[in-house]
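K.L.:
Following this line is entry32.tsv, made up of TSV, C-alpha atoms:
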```tsv
chain	number	residue	atom	x	y	z
A	1	ALA	CA	3.03	3.73	7.99
A	2	TYR	CA	5.51	5.75	5.92
A	3	LEU	CA	7.71	2.70	5.46
A	4	PHE	CA	4.81	0.55	4.27
A	5	GLU	CA	3.85	3.31	1.82
A	6	ASP	CA	7.44	3.47	0.58
A	7	TRP	CA	7.53	-0.32	0.17
A	8	ALA	CA	4.20	-0.15	-1.65
A	9	SER	CA	5.60	2.48	-4.03
A	10	LEU	CA	8.66	0.32	-4.66
A	11	ALA	CA	6.51	-2.75	-5.33
A	12	ALA	CA	4.44	-0.74	-7.82
A	13	ARG	CA	7.63	0.35	-9.62
A	14	GLN	CA	8.66	-3.32	-9.72
A	15	ALA	CA	5.32	-4.21	-11.37
A	16	ASP	CA	4.18	-6.19	-8.31
A	17	ALA	CA	0.68	-4.74	-8.18
A	18	ARG	CA	-0.77	-7.12	-5.62
A	19	ARG	CA	2.07	-6.59	-3.16
A	20	ALA	CA	1.91	-2.83	-3.67
A	21	LEU	CA	-1.79	-2.61	-2.91
A	22	ARG	CA	-1.60	-4.97	0.08
A	23	LEU	CA	1.17	-2.86	1.62
A	24	ALA	CA	-0.69	0.38	0.91
A	25	GLY	CA	-3.81	-1.12	2.45
A	26	ALA	CA	-1.84	-2.10	5.55
A	27	ALA	CA	-0.48	1.44	5.81
A	28	SER	CA	-3.97	2.86	5.41
A	29	ALA	CA	-5.31	0.73	8.26
A	30	MET	CA	-2.35	1.68	10.44
A	31	ARG	CA	-2.91	5.38	9.78
A	32	GLU	CA	-6.59	5.01	10.62
A	33	GLU	CA	-5.76	3.20	13.85
A	34	ILE	CA	-3.27	5.82	15.05
A	35	GLY	CA	-5.29	8.77	13.77
A	36	THR	CA	-2.60	10.12	11.44
A	37	PRO	CA	-3.93	10.56	7.91
A	38	LEU	CA	-1.74	11.48	4.99
A	39	THR	CA	-1.59	15.14	4.07
A	40	PRO	CA	-3.18	15.95	0.71
A	41	THR	CA	0.30	16.25	-0.84
A	42	GLU	CA	1.39	12.89	0.60
A	43	GLU	CA	-1.83	11.26	-0.54
A	44	ASN	CA	-1.36	12.60	-4.07
A	45	HIS	CA	2.24	11.37	-4.12
A	46	LEU	CA	1.21	7.88	-2.99
A	47	GLU	CA	-1.65	7.68	-5.49
A	48	LEU	CA	0.71	8.61	-8.32
A	49	ALA	CA	3.15	5.94	-7.17
A	50	LEU	CA	0.37	3.32	-7.00
A	51	GLU	CA	-1.08	4.18	-10.41
A	52	PRO	CA	0.81	1.39	-12.26
A	53	ALA	CA	-0.51	-1.14	-9.74
A	54	ARG	CA	-4.05	0.16	-10.11
A	55	GLN	CA	-3.83	-0.01	-13.91
A	56	ALA	CA	-2.67	-3.63	-13.76
A	57	LEU	CA	-5.75	-4.89	-11.89
A	58	ASP	CA	-9.50	-4.50	-12.27
A	59	ALA	CA	-11.41	-2.54	-9.62
A	60	GLU	CA	-12.86	-5.62	-7.90
A	61	THR	CA	-9.44	-7.25	-7.55
A	62	GLN	CA	-7.95	-3.99	-6.30
A	63	ALA	CA	-10.62	-3.70	-3.61
A	64	ALA	CA	-10.13	-7.29	-2.46
A	65	ILE	CA	-6.35	-6.94	-2.25
A	66	TRP	CA	-6.63	-3.58	-0.46
A	67	ALA	CA	-8.94	-5.22	2.09
A	68	GLU	CA	-6.44	-8.06	2.58
A	69	GLY	CA	-3.76	-5.47	3.32
A	70	ARG	CA	-5.99	-3.62	5.75
A	71	ALA	CA	-6.59	-6.87	7.65
A	72	MET	CA	-2.88	-7.64	8.04
A	73	SER	CA	-1.05	-7.29	11.32
A	74	VAL	CA	2.07	-5.15	11.42
A	75	ASP	CA	4.15	-8.33	11.57
A	76	GLN	CA	2.40	-9.78	8.54
A	77	ALA	CA	2.85	-6.56	6.55
A	78	THR	CA	6.50	-6.38	7.57
A	79	GLY	CA	7.01	-9.95	6.40
A	80	LEU	CA	5.38	-9.12	3.08
A	81	ALA	CA	7.50	-6.01	2.65
A	82	LEU	CA	10.71	-7.91	3.36
A	83	SER	CA	9.79	-10.97	1.31
A	84	ARG	CA	11.63	-9.75	-1.78
```
How does the structure come out when it is put into structure tokens?
P.N.:
Amino acid sequence: AYLFEDWASLAARQADARRALRLAGAASAMREEIGTPLTPTEENHLELALEPARQALDAETQAAIWAEGRAMSVDQATGLALSR
């Protein structure tokens, strides 16, 4: 999950908002599945990193892309992360 969050942060810095939010969504689903939530500090750090991606897209688009990420398998998310 940490790696997907790191890749999401990198994608946000590269102005690839959709990729960033999909990867963050995948990480979120993974954390939920394994029962390991982010600490408040980690969550704050990730949200700050994702802010450019969130600003680039409207709320409805963000929610749809996040849901796409949450539905991805680990293999799919890995492929997305490594696609650049």
K.L.:
Report as a PyMOL selection string all protein, DNA and RNA residues lying within 9 Å of segment 61-78 of chain A, evaluated on only C-alpha atoms, omitting residues in the same chain fewer than 5 positions from it.
P.N.:
chain A and resi 4+17-19+21-30+53-54+83
K.L.:
With all atoms listed in the file as the counted atoms, please give the residues lying no more than 12 Å from Ala49 of chain A, apart from itself and same-chain residues fewer than 2 positions off, as a ChimeraX atom specification.
P.N.:
/A:5-15,17,20-21,24,42-47,51-55
K.L.:
Report, as AutoDock Vina command-line options, the axis-aligned box around all atoms of segment 31-37 of chain A present in the file, extended by 5 Å on each side; give centre and edge lengths in Å to one decimal place.
P.N.:
```
--center_x -4.6 --center_y 6.9 --center_z 11.5 --size_x 14.0 --size_y 17.4 --size_z 17.1
```
K.L.:
Looking at A:Asp16, A:Glu32, A:Ala1, A:Ala81, which one is nearest to Ala56 of chain A, with distances taken over only C-alpha atoms?
P.N.:
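Smallest distance to Ala56 of chain A is found for A:Asp16.
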K.L.:
What does the distance between atom CA of Leu80 of chain A and atom CA of Gly35 of chain A come to in Å, to one decimal place?
P.N.:
23.4 Å
K.L.:
To one decimal place, how far is atom CA of Pro37 of chain A from atom CA of Leu3 of chain A in Å?
P.N.:
14.3 Å
